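Worksheet for the structure shown next.
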Amino acid sequence: MNHFTVSMVKSVLRILAGAILGYAGYILWSANEYSDIFIADSGFLMMLSGIGFVIAEVLGIVEEIV
């Protein structure tokens, strides 16, 4: 296996982890109406974190290709 293949596998795993983080944040954000605990802000920040990680990883893939 060469460096590029390993880097792409790592990138796919990181994008998947970012997507899961964003989805978990969405679940917390949308569950605010069904809970007595105010969790919408933390869920929204988790969504932003997941989106940020995915964007950063896509930029890393572009950097590897160029």
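So you can find residues: chains in the structure tokens are A, B, ... in the order shown, residues in each start at 1, and ligands are numbered from 1 in order.
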
Can you tell me which residues surround Ile15 in chain A at a distance of at most 7 Å, considering only C-alpha atoms, apart from same-chain residues fewer than 4 positions away, and format the answer as a PDB file with C-alpha atoms, in the first residue's frame?
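File result.pdb, as written:
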```pdb
ATOM      1  CA  SER A  11      -9.919  10.521   4.994  1.00  0.00           C
ATOM      2  CA  ALA A  19     -20.920  12.887   9.529  1.00  0.00           C
ATOM      3  CA  VAL A  54     -15.948  17.074   6.941  1.00  0.00           C
ATOM      4  CA  GLU A  57     -11.077  16.632   5.410  1.00  0.00           C
TER       5      GLU A  57
END
```

Could you give me, as a short mmCIF file (atom, residue, chain, number, x, y, z; two decimals) with all heavy atoms, in the first residue's frame, the residues within 8 Å of range 39-44 of chain A, counting only C-alpha atoms and dropping anything in the same chain fewer than 3 positions from it?
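The resulting file, around-v9.cif, is reproduced below:
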```cif
data_model
loop_
_atom_site.label_atom_id
_atom_site.label_comp_id
_atom_site.auth_asym_id
_atom_site.auth_seq_id
_atom_site.Cartn_x
_atom_site.Cartn_y
_atom_site.Cartn_z
N ALA A 24 -25.39 13.21 15.18
CA ALA A 24 -25.67 13.18 16.63
C ALA A 24 -26.05 14.57 17.12
O ALA A 24 -26.96 14.72 17.94
CB ALA A 24 -24.46 12.65 17.39
N GLY A 25 -25.38 15.58 16.61
CA GLY A 25 -25.74 16.96 16.97
C GLY A 25 -27.13 17.31 16.49
O GLY A 25 -27.89 17.99 17.20
N TYR A 26 -27.49 16.84 15.31
CA TYR A 26 -28.83 17.09 14.80
C TYR A 26 -29.89 16.43 15.68
O TYR A 26 -30.94 17.02 15.95
CB TYR A 26 -28.95 16.59 13.36
CG TYR A 26 -30.36 16.66 12.84
CD1 TYR A 26 -30.91 17.89 12.50
CD2 TYR A 26 -31.14 15.52 12.71
CE1 TYR A 26 -32.22 17.97 12.03
CE2 TYR A 26 -32.43 15.59 12.25
CZ TYR A 26 -32.97 16.82 11.91
OH TYR A 26 -34.26 16.90 11.47
N ILE A 27 -29.60 15.21 16.12
CA ILE A 27 -30.53 14.50 17.00
C ILE A 27 -30.73 15.28 18.30
O ILE A 27 -31.86 15.48 18.75
CB ILE A 27 -30.03 13.07 17.29
CG1 ILE A 27 -30.02 12.23 16.02
CG2 ILE A 27 -30.87 12.41 18.38
CD1 ILE A 27 -31.39 12.02 15.40
N LEU A 28 -29.65 15.76 18.89
CA LEU A 28 -29.77 16.57 20.11
C LEU A 28 -30.51 17.88 19.85
O LEU A 28 -31.34 18.31 20.64
CB LEU A 28 -28.39 16.87 20.70
CG LEU A 28 -27.70 15.74 21.44
CD1 LEU A 28 -26.33 16.19 21.89
CD2 LEU A 28 -28.52 15.29 22.62
N TRP A 29 -30.18 18.50 18.73
CA TRP A 29 -30.80 19.78 18.39
C TRP A 29 -32.30 19.63 18.18
O TRP A 29 -33.09 20.44 18.65
CB TRP A 29 -30.12 20.35 17.16
CG TRP A 29 -30.62 21.66 16.69
CD1 TRP A 29 -30.61 22.83 17.37
CD2 TRP A 29 -31.20 21.93 15.41
NE1 TRP A 29 -31.14 23.83 16.59
CE2 TRP A 29 -31.52 23.30 15.38
CE3 TRP A 29 -31.47 21.15 14.29
CZ2 TRP A 29 -32.09 23.90 14.28
CZ3 TRP A 29 -32.03 21.76 13.20
CH2 TRP A 29 -32.34 23.12 13.20
N SER A 30 -32.70 18.57 17.49
CA SER A 30 -34.11 18.39 17.20
C SER A 30 -34.88 17.80 18.38
O SER A 30 -36.10 17.91 18.44
CB SER A 30 -34.29 17.50 15.97
OG SER A 30 -33.77 16.21 16.21
N ALA A 31 -34.19 17.18 19.34
CA ALA A 31 -34.86 16.58 20.50
C ALA A 31 -35.19 17.62 21.56
O ALA A 31 -35.79 17.28 22.58
CB ALA A 31 -33.99 15.49 21.10
N ASN A 32 -34.82 18.86 21.32
CA ASN A 32 -35.06 19.89 22.33
C ASN A 32 -36.54 20.06 22.64
O ASN A 32 -36.91 20.37 23.77
CB ASN A 32 -34.46 21.22 21.86
CG ASN A 32 -34.48 22.25 22.95
OD1 ASN A 32 -34.08 21.97 24.07
ND2 ASN A 32 -34.95 23.44 22.63
N MET A 47 -23.32 19.84 15.53
CA MET A 47 -23.55 19.80 14.07
C MET A 47 -22.50 20.63 13.35
O MET A 47 -21.93 20.18 12.35
CB MET A 47 -24.93 20.36 13.73
CG MET A 47 -26.03 19.37 13.78
SD MET A 47 -27.53 19.92 12.97
CE MET A 47 -27.80 21.53 13.65
N LEU A 48 -22.23 21.83 13.85
CA LEU A 48 -21.22 22.68 13.22
C LEU A 48 -19.84 22.02 13.27
O LEU A 48 -19.07 22.12 12.31
CB LEU A 48 -21.18 24.04 13.89
CG LEU A 48 -22.38 24.95 13.64
CD1 LEU A 48 -22.18 26.28 14.36
CD2 LEU A 48 -22.60 25.18 12.17
#
```

Per DSSP on the backbone, what are the alpha helix (DSSP H) residues of chain A, as a PyMOL selection string?
chain A and resi 3-30+40-65

For Val6 in chain A, work out the shell of residues within 12 Å, counting only C-alpha atoms and skipping chain neighbours fewer than 5 positions away, then give it as a VMD selection string.
chain A and resid 1 11 to 13 61 64

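Rounded to one decimal, CA of Leu59 in chain A and CA of Thr5 in chain A lie 16.5 Å from each other.
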
I'd like the contact shell of Ser49 in chain A - 8 Å cut-off, only C-alpha atoms, skipping same-chain residues fewer than 6 positions apart - returned as a ChimeraX atom specification.
/A:18,21-22

Using N, CA, C and O atoms, can you write the selected residues to a file as a PDB file, in the first residue's frame?
```pdb
ATOM      1  N   GLY A  18     -17.030  12.565  11.068  1.00  0.00           N
ATOM      2  CA  GLY A  18     -17.615  13.903  11.065  1.00  0.00           C
ATOM      3  C   GLY A  18     -19.101  13.885  10.767  1.00  0.00           C
ATOM      4  O   GLY A  18     -19.882  14.630  11.371  1.00  0.00           O
ATOM      5  N   LEU A  21     -20.854  12.654  13.886  1.00  0.00           N
ATOM      6  CA  LEU A  21     -20.897  13.740  14.867  1.00  0.00           C
ATOM      7  C   LEU A  21     -21.965  14.762  14.503  1.00  0.00           C
ATOM      8  O   LEU A  21     -22.733  15.212  15.363  1.00  0.00           O
ATOM      9  N   GLY A  22     -22.029  15.128  13.228  1.00  0.00           N
ATOM     10  CA  GLY A  22     -23.052  16.067  12.784  1.00  0.00           C
ATOM     11  C   GLY A  22     -24.451  15.516  12.961  1.00  0.00           C
ATOM     12  O   GLY A  22     -25.366  16.232  13.380  1.00  0.00           O
TER      13      GLY A  22
END
```

List the neighbours of Glu63 in chain A out to 12 Å using only C-alpha atoms; skip same-chain residues closer than 3 positions along the sequence, and give me the result as a ChimeraX atom specification.
/A:4,7-8,11,56-60,66

Export of prior selection with all heavy atoms as an mmCIF file, in the first residue's frame:
```cif
data_model
loop_
_atom_site.group_PDB
_atom_site.id
_atom_site.type_symbol
_atom_site.label_atom_id
_atom_site.label_comp_id
_atom_site.auth_asym_id
_atom_site.auth_seq_id
_atom_site.Cartn_x
_atom_site.Cartn_y
_atom_site.Cartn_z
ATOM 1 N N PHE A 4 -0.708 7.374 -0.697
ATOM 2 C CA PHE A 4 -1.971 7.942 -1.166
ATOM 3 C C PHE A 4 -3.163 7.074 -0.758
ATOM 4 O O PHE A 4 -4.188 7.587 -0.307
ATOM 5 C CB PHE A 4 -1.930 8.110 -2.689
ATOM 6 C CG PHE A 4 -3.174 8.734 -3.255
ATOM 7 C CD1 PHE A 4 -3.399 10.096 -3.106
ATOM 8 C CD2 PHE A 4 -4.119 7.964 -3.921
ATOM 9 C CE1 PHE A 4 -4.553 10.680 -3.619
ATOM 10 C CE2 PHE A 4 -5.262 8.533 -4.429
ATOM 11 C CZ PHE A 4 -5.478 9.908 -4.278
ATOM 12 N N SER A 7 -3.787 7.408 2.954
ATOM 13 C CA SER A 7 -4.346 8.727 3.217
ATOM 14 C C SER A 7 -5.819 8.800 2.841
ATOM 15 O O SER A 7 -6.626 9.405 3.562
ATOM 16 C CB SER A 7 -3.546 9.776 2.439
ATOM 17 O OG SER A 7 -4.033 11.060 2.699
ATOM 18 N N MET A 8 -6.209 8.179 1.743
ATOM 19 C CA MET A 8 -7.619 8.193 1.336
ATOM 20 C C MET A 8 -8.484 7.367 2.288
ATOM 21 O O MET A 8 -9.610 7.755 2.604
ATOM 22 C CB MET A 8 -7.768 7.676 -0.099
ATOM 23 C CG MET A 8 -7.232 8.615 -1.160
ATOM 24 S SD MET A 8 -8.048 10.202 -1.170
ATOM 25 C CE MET A 8 -6.734 11.266 -0.580
ATOM 26 N N SER A 11 -8.995 9.435 5.296
ATOM 27 C CA SER A 11 -9.919 10.521 4.994
ATOM 28 C C SER A 11 -11.368 10.050 4.986
ATOM 29 O O SER A 11 -12.257 10.731 5.497
ATOM 30 C CB SER A 11 -9.576 11.163 3.648
ATOM 31 O OG SER A 11 -8.338 11.826 3.717
ATOM 32 N N ALA A 56 -12.974 20.254 6.383
ATOM 33 C CA ALA A 56 -11.514 20.230 6.511
ATOM 34 C C ALA A 56 -10.923 18.982 5.867
ATOM 35 O O ALA A 56 -9.866 19.039 5.221
ATOM 36 C CB ALA A 56 -11.125 20.295 7.981
ATOM 37 N N GLU A 57 -11.597 17.865 5.997
ATOM 38 C CA GLU A 57 -11.077 16.632 5.410
ATOM 39 C C GLU A 57 -11.188 16.638 3.893
ATOM 40 O O GLU A 57 -10.298 16.144 3.201
ATOM 41 C CB GLU A 57 -11.804 15.425 5.997
ATOM 42 C CG GLU A 57 -11.075 14.140 5.799
ATOM 43 C CD GLU A 57 -9.663 14.157 6.360
ATOM 44 O OE1 GLU A 57 -9.449 14.685 7.453
ATOM 45 O OE2 GLU A 57 -8.765 13.625 5.668
ATOM 46 N N VAL A 58 -12.257 17.206 3.365
ATOM 47 C CA VAL A 58 -12.378 17.333 1.912
ATOM 48 C C VAL A 58 -11.255 18.228 1.378
ATOM 49 O O VAL A 58 -10.651 17.924 0.336
ATOM 50 C CB VAL A 58 -13.776 17.873 1.530
ATOM 51 C CG1 VAL A 58 -13.825 18.276 0.066
ATOM 52 C CG2 VAL A 58 -14.839 16.821 1.808
ATOM 53 N N LEU A 59 -10.957 19.297 2.092
ATOM 54 C CA LEU A 59 -9.831 20.145 1.684
ATOM 55 C C LEU A 59 -8.505 19.379 1.748
ATOM 56 O O LEU A 59 -7.618 19.572 0.912
ATOM 57 C CB LEU A 59 -9.762 21.396 2.557
ATOM 58 C CG LEU A 59 -10.839 22.439 2.306
ATOM 59 C CD1 LEU A 59 -10.733 23.552 3.342
ATOM 60 C CD2 LEU A 59 -10.725 23.005 0.905
ATOM 61 N N GLY A 60 -8.368 18.484 2.734
ATOM 62 C CA GLY A 60 -7.173 17.653 2.815
ATOM 63 C C GLY A 60 -7.055 16.697 1.637
ATOM 64 O O GLY A 60 -5.971 16.451 1.133
ATOM 65 N N VAL A 66 -3.789 17.520 -5.474
ATOM 66 C CA VAL A 66 -3.105 18.595 -6.218
ATOM 67 C C VAL A 66 -1.617 18.575 -6.026
ATOM 68 O O VAL A 66 -0.970 18.124 -5.270
ATOM 69 C CB VAL A 66 -3.668 19.977 -5.779
ATOM 70 C CG1 VAL A 66 -2.881 21.101 -6.405
ATOM 71 C CG2 VAL A 66 -5.112 20.056 -6.138
#
```

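Distances here use only C-alpha atoms; by that measure, the residue among A:Met46, A:Lys10, A:Val62, A:His3 closest to Tyr23 in chain A is A:Met46.
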